[in-house]
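Here's the structure we're looking at; comments come further down.
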Amino acid sequence: MSQLPQNNEDFDYDPEYAKLYQADDSLQSEADDTDEWPQPASELPPEVQGAQDGKRAANFSLLLGFLAPLSFFLGFWLLVQGLGPSSLMISLAAPVLNILGIWQGRVAQRHGVRALEGRSLNGLGLCFFIGIAALFMYIANALSQIN
């Protein structure tokens, strides 16, 4: 709620009121001074904002490229330790993380940041997972033919 009375015209023409807002030898600010004000972080120029978004996406792609193989090996290690099907779910998260990493690499590329490291690491991780899955299917097929 405003502290000023409803009739503001009385204050506009009062010389005592005007003295409160004018310092010694100071001029009133002009409307043209707004171009010199620093911009808040949310209103950065589009090139700078795009570069920051691209760098963030490239770093996230690289992070997912490291986390995917870790989840794959952790899941199979927990499966060998006998912790059940929840460990298999952890290892199946690896290709999802790889796909998300490739997608983040492409987002970074759209923003003008080269994210070749993250995309290639995620692509190799996805190829590795597909190769291991194919190997398990061949072994399962061979074992089912034995009977």
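The chains in the structure tokens are called A, B, ... from first to last as shown; in each chain the residues are counted from 1, and the ligands are counted from 1 in the order shown.
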
Can you list, as a PyMOL selection string, every protein, DNA or RNA residue that comes within 7 Å of stretch 80-97 of chain A when you count only C-alpha atoms, leaving out same-chain residues fewer than 5 positions away? chain A and resi 64+68-69+71-75+126+129

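Distance annotation: of A:Val113, A:Trp77, A:Leu70, A:Gly131, the residue with the minimal separation from A:Arg56 is A:Val113; atom set is only C-alpha atoms.
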
Assign secondary structure with DSSP using the backbone only, and return the residues of stretch 76-133 of chain A in helix (DSSP H, G or I) as a PyMOL selection string. chain A and resi 76-80+85-110+116-133

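Atom CA of A:Ile99 is found 21.7 Å from atom CA of A:Met137.
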